[in-house]
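What follows is a short report on a single structure.
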Amino acid sequence: MLEPVGKYFLKDQVVMKDWQFDPAWFRNRKVVYEVIRVMKGVPLFVSEHLDRLLQSAIQAGFPNVSQNTALPGFPGKLIMANGNHDGNILLCLAMENDKIHTLGWYIKHRYPTPAEYESGVVLSSMKATRKNPGIKRWNPKLRKQAVLVMESRKVYEVLLIDPKGNITEGSRSNIFLVRGNTVVTPPAGMVLPGITRQKVMDICNSMLIRVTEQEIGQRELPFYEAAFLTGTSPGVLPVSMINNVRFNTANSIVRKLMDVYEGLVSTIISGK
């Protein structure tokens with residue numbers, strides 16, 4: 001697991017100092033997790049993240065996980081302990097025998113630059129799939145492979161391609177493509193259904209923008225006009241190129257979705 005970068009972390013509601021963190025807590029144990037972005041001391045979409053964490057735990061076979069009542073106040077306690085710092089926090093449930101431990105800490109993050117939001121980012125692809133993609137479990141082998149591809153090809157993100165040649169998701173994001181007035185994304189059963197992904201789909205519905213979940217073959221990329229990523233760190237981020245296929249980063253639908261999503265986040269931060 002990623003190590004803490006803040007001064008304090010939480011273990012089973014106890015505030016502890018970073019030097020007390022022990023990676024052995026996760027070794028050979030079943031772990032599910034969520035990453036939540038904190039802006040101006042406010043955790044974004046916290047109830048949705050906690051619900052998904054519990055669902056991941058249930059699907060992963062954690063016993064009596066629905067009885068874990070400590071989660072709702074957990075993010076706030078962690079943020080307050082670290083002085084309301086902005087960044088990304090990781091919350092996880094780790095099963096030791098039949099006991100479930102709840103842990104949380106700040107992790108390193110990398111947010112897109114203003115230039116990347118304006119000009120878009122470059123993506124590559126690799127053949128890989130997640131086992132049980134609906135469960136957010138730590139997969140160090142896949143993560144290491146993705147990082148090596150991103151570093152060697154100097155790209156922002158890597159898309160996973162399944163054995164059928166379909167695009168599923170990014171290593172840490174969801175992918176959307178635009179054709180005409182329609183927004184297309186891979187089906188929920190093929191990907192981890194991201195919180196930001198769902199917010200964007202809700203925005204599309206409220207704006208009467210048609211959004212379709214369907215398989216997207218890698219060879220079909222040239223037939224789409226625009227593309228964008230969604231995720232905890234990037235929010236809504238335009239894509240300028242996937243492999244050797246270029247996209248229009250000034251697409252009006254992409255820009256509208258970026259603006260409305262930013263407005264939603266601003267509303268959450270202001271508490272209105």
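Starting from 1 in every chain, residues are counted up; chains themselves are A, B, ... following the order of the structure tokens, and ligands are numbered from 1 as listed.
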
Report as JSON lines: every residue of range 57-141 of chain A with an atom at most 10 Å from range 227-235 of chain A, its closest pair of atoms, and their distance in Å to one decimal, counting only C-alpha atoms, with rows sorted by chain and ascending residue number.
```
{"residue": "A:Gly87", "atom": "CA", "partner": "A:Ser233", "partner_atom": "CA", "distance": 8.9}
{"residue": "A:Asn88", "atom": "CA", "partner": "A:Ser233", "partner_atom": "CA", "distance": 7.7}
{"residue": "A:His109", "atom": "CA", "partner": "A:Ser233", "partner_atom": "CA", "distance": 7.5}
{"residue": "A:Arg110", "atom": "CA", "partner": "A:Ser233", "partner_atom": "CA", "distance": 7.2}
{"residue": "A:Tyr111", "atom": "CA", "partner": "A:Ser233", "partner_atom": "CA", "distance": 5.7}
{"residue": "A:Pro112", "atom": "CA", "partner": "A:Pro234", "partner_atom": "CA", "distance": 6.0}
{"residue": "A:Thr113", "atom": "CA", "partner": "A:Pro234", "partner_atom": "CA", "distance": 9.4}
{"residue": "A:Glu116", "atom": "CA", "partner": "A:Pro234", "partner_atom": "CA", "distance": 10.0}
{"residue": "A:Tyr117", "atom": "CA", "partner": "A:Pro234", "partner_atom": "CA", "distance": 8.9}
{"residue": "A:Gly120", "atom": "CA", "partner": "A:Phe228", "partner_atom": "CA", "distance": 8.3}
{"residue": "A:Val121", "atom": "CA", "partner": "A:Phe228", "partner_atom": "CA", "distance": 8.9}
{"residue": "A:Leu123", "atom": "CA", "partner": "A:Leu229", "partner_atom": "CA", "distance": 9.9}
```

Go ahead and save the picked residues with C-alpha atoms, as a short mmCIF file (atom, residue, chain, number, x, y, z; two decimals), in the first residue's frame.
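To be explicit, this is the file written out as result_27.cif:
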```cif
data_model
loop_
_atom_site.label_atom_id
_atom_site.label_comp_id
_atom_site.auth_asym_id
_atom_site.auth_seq_id
_atom_site.Cartn_x
_atom_site.Cartn_y
_atom_site.Cartn_z
CA GLY A 87 -4.83 16.47 -0.94
CA ASN A 88 -5.90 12.86 -1.35
CA HIS A 109 -1.09 12.97 -5.35
CA ARG A 110 -0.61 14.46 -8.76
CA TYR A 111 -3.27 16.84 -10.06
CA PRO A 112 -3.43 18.00 -13.70
CA THR A 113 -1.90 21.39 -14.47
CA GLU A 116 -3.34 20.00 -19.21
CA TYR A 117 -6.93 21.05 -18.56
CA GLY A 120 -5.61 17.84 -22.86
CA VAL A 121 -3.39 14.89 -21.97
CA LEU A 123 -2.78 8.42 -23.15
#
```

Residues within 10 Å of Arg153 in chain A, only C-alpha atoms, excluding chain neighbours under 6 positions, as a ChimeraX atom specification = /A:122-124,147,243

task = Please identify all polymer residues within 12 Å of Met190 in chain A, counting only C-alpha atoms, omitting same-chain residues fewer than 4 positions from it, and present them as a list of chain:residue names.
result =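 These residues fall inside the cut-off: A:Thr129, A:Arg130, A:Lys131, A:Asn132, A:Pro133, A:Gly134, A:Ile135, A:Leu160, A:Ile161, A:Asp162, A:Asn166, A:Ile167, A:Thr168, A:Glu169, A:Gly170, A:Asn174, A:Ile175, A:Thr185, A:Pro186, A:Gly194, A:Glu213, A:Gln214, A:Glu215, A:Ile216.
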
request  = Using DSSP on the backbone, list every residue of range 177-208 of chain A that comes out as strand (DSSP E), and give them as an MDAnalysis selection string.
outcome  = chainID A and resid 177:179 182:185

Once you have the residues from the selection above, write them out as a compact mmCIF listing (two decimals), in the first residue's frame, restricted to N, CA and C atoms.
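Okay, this is what ended up in part-v1.txt:
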```txt
# COMPACT_ATOMS: atom_id res chain seq x y z
N LEU A 177 -15.86 8.84 -24.38
CA LEU A 177 -15.62 9.29 -25.75
C LEU A 177 -16.87 10.01 -26.25
N VAL A 178 -16.69 10.94 -27.17
CA VAL A 178 -17.80 11.75 -27.69
C VAL A 178 -17.90 11.59 -29.20
N ARG A 179 -19.12 11.33 -29.66
CA ARG A 179 -19.40 11.27 -31.10
C ARG A 179 -20.70 12.04 -31.34
N THR A 182 -23.51 12.51 -28.55
CA THR A 182 -23.58 11.35 -27.67
C THR A 182 -22.26 11.13 -26.95
N VAL A 183 -22.36 10.87 -25.65
CA VAL A 183 -21.20 10.53 -24.83
C VAL A 183 -21.24 9.02 -24.58
N VAL A 184 -20.13 8.35 -24.80
CA VAL A 184 -20.07 6.88 -24.70
C VAL A 184 -19.01 6.50 -23.68
N THR A 185 -19.31 5.48 -22.88
CA THR A 185 -18.35 4.97 -21.89
C THR A 185 -18.54 3.47 -21.76
```

message = Considering only C-alpha atoms, can you say which of A:Thr212, A:Gln59, A:Gln145, A:Gln13 comes closest to Gly104 in chain A?
response =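 Between A:Thr212, A:Gln59, A:Gln145, A:Gln13, the residue approaching Gly104 in chain A most closely is A:Gln13.
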
For Asn248 in chain A, the nearest of the candidates A:Ile269, A:Val46, A:Ser119, A:Trp138, counting only C-alpha atoms =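 Counting only C-alpha atoms, the residue closest to Asn248 in chain A is A:Ser119.
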
inquiry  = Using only C-alpha atoms, which protein or nucleic acid residues come within 8 Å of range 28-45 of chain A? Drop anything in the same chain fewer than 4 positions from it, and give the result as a ChimeraX atom specification.
reply    = /A:49-50,52-53,56-57,60,75-76,79,84-96,135-138,195,232-233,265,268-269

File of the preceding selection, C-alpha atoms, as a compact mmCIF listing (two decimals), in the first residue's frame:
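The result, stored in out25.txt:
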```txt
# COMPACT_ATOMS: atom_id res chain seq x y z
CA HIS A 49 -17.05 6.84 -1.42
CA LEU A 50 -17.96 5.28 1.92
CA ARG A 52 -18.66 2.05 -2.35
CA LEU A 53 -16.05 1.03 0.23
CA SER A 56 -16.37 -3.53 -2.10
CA ALA A 57 -15.92 -5.12 1.32
CA ALA A 60 -14.82 -9.26 -1.24
CA PRO A 75 -12.58 11.09 6.98
CA GLY A 76 -13.37 14.22 8.99
CA ILE A 79 -8.55 15.62 7.98
CA ASN A 84 -7.48 20.40 7.32
CA HIS A 85 -4.83 19.96 4.62
CA ASP A 86 -5.90 19.53 1.02
CA GLY A 87 -4.83 16.47 -0.94
CA ASN A 88 -5.90 12.86 -1.35
CA ILE A 89 -6.73 10.59 1.56
CA LEU A 90 -6.85 6.82 1.39
CA LEU A 91 -9.36 4.92 3.51
CA CYS A 92 -9.15 1.16 3.70
CA LEU A 93 -10.59 -1.87 5.41
CA ALA A 94 -8.09 -4.64 6.14
CA MET A 95 -9.23 -8.05 7.33
CA GLU A 96 -7.11 -9.84 9.91
CA ILE A 135 -14.26 -4.19 -6.24
CA LYS A 136 -11.65 -1.55 -5.44
CA ARG A 137 -8.81 -3.75 -4.21
CA TRP A 138 -5.12 -2.98 -4.15
CA ILE A 195 -17.74 8.22 -8.30
CA THR A 232 -10.86 11.50 -8.05
CA SER A 233 -7.72 13.54 -8.80
CA VAL A 265 -17.47 20.76 -6.62
CA ILE A 268 -19.92 21.14 -2.10
CA ILE A 269 -16.95 23.16 -0.82
```

inquiry  = So the first atom is CA of Asn251 in chain A and the second is CA of Glu118 in chain A; what is the distance between them in Å, to one decimal place?
reply    = 11.3 Å

request  = Report the distance between CA of Tyr224 in chain A and CA of Arg255 in chain A in Å, rounded to one decimal place.
outcome  =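 That distance, rounded to one decimal, is 16.0 Å.
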
According to DSSP computed on the backbone, where in range 20-105 of chain A is there alpha helix (DSSP H)? Give the residues as a PDB file with C-alpha atoms, in the first residue's frame.
```
ATOM      1  CA  VAL A  46     -17.642  11.367   0.933  1.00  0.00           C
ATOM      2  CA  SER A  47     -20.931   9.463   1.391  1.00  0.00           C
ATOM      3  CA  GLU A  48     -20.627   7.946  -2.086  1.00  0.00           C
ATOM      4  CA  HIS A  49     -17.046   6.839  -1.424  1.00  0.00           C
ATOM      5  CA  LEU A  50     -17.962   5.278   1.916  1.00  0.00           C
ATOM      6  CA  ASP A  51     -20.914   3.444   0.368  1.00  0.00           C
ATOM      7  CA  ARG A  52     -18.657   2.046  -2.348  1.00  0.00           C
ATOM      8  CA  LEU A  53     -16.045   1.029   0.230  1.00  0.00           C
ATOM      9  CA  LEU A  54     -18.667  -0.989   2.081  1.00  0.00           C
ATOM     10  CA  GLN A  55     -19.932  -2.548  -1.149  1.00  0.00           C
ATOM     11  CA  SER A  56     -16.371  -3.532  -2.099  1.00  0.00           C
ATOM     12  CA  ALA A  57     -15.920  -5.123   1.317  1.00  0.00           C
ATOM     13  CA  ILE A  58     -19.187  -7.038   1.044  1.00  0.00           C
ATOM     14  CA  GLN A  59     -18.324  -8.325  -2.436  1.00  0.00           C
ATOM     15  CA  PHE A  74     -13.616   8.736   9.838  1.00  0.00           C
ATOM     16  CA  PRO A  75     -12.585  11.094   6.985  1.00  0.00           C
ATOM     17  CA  GLY A  76     -13.373  14.218   8.988  1.00  0.00           C
ATOM     18  CA  LYS A  77     -11.360  13.017  11.965  1.00  0.00           C
ATOM     19  CA  LEU A  78      -8.362  12.247   9.747  1.00  0.00           C
ATOM     20  CA  ILE A  79      -8.553  15.616   7.983  1.00  0.00           C
ATOM     21  CA  MET A  80      -8.844  17.520  11.266  1.00  0.00           C
ATOM     22  CA  ALA A  81      -5.891  15.634  12.766  1.00  0.00           C
TER      23      ALA A  81
END
```

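If you measure from each of A:Val191, A:Ala128, A:Val15, A:Ile203 to Gly165 in chain A using only C-alpha atoms, the closest one turns out to be A:Ala128.
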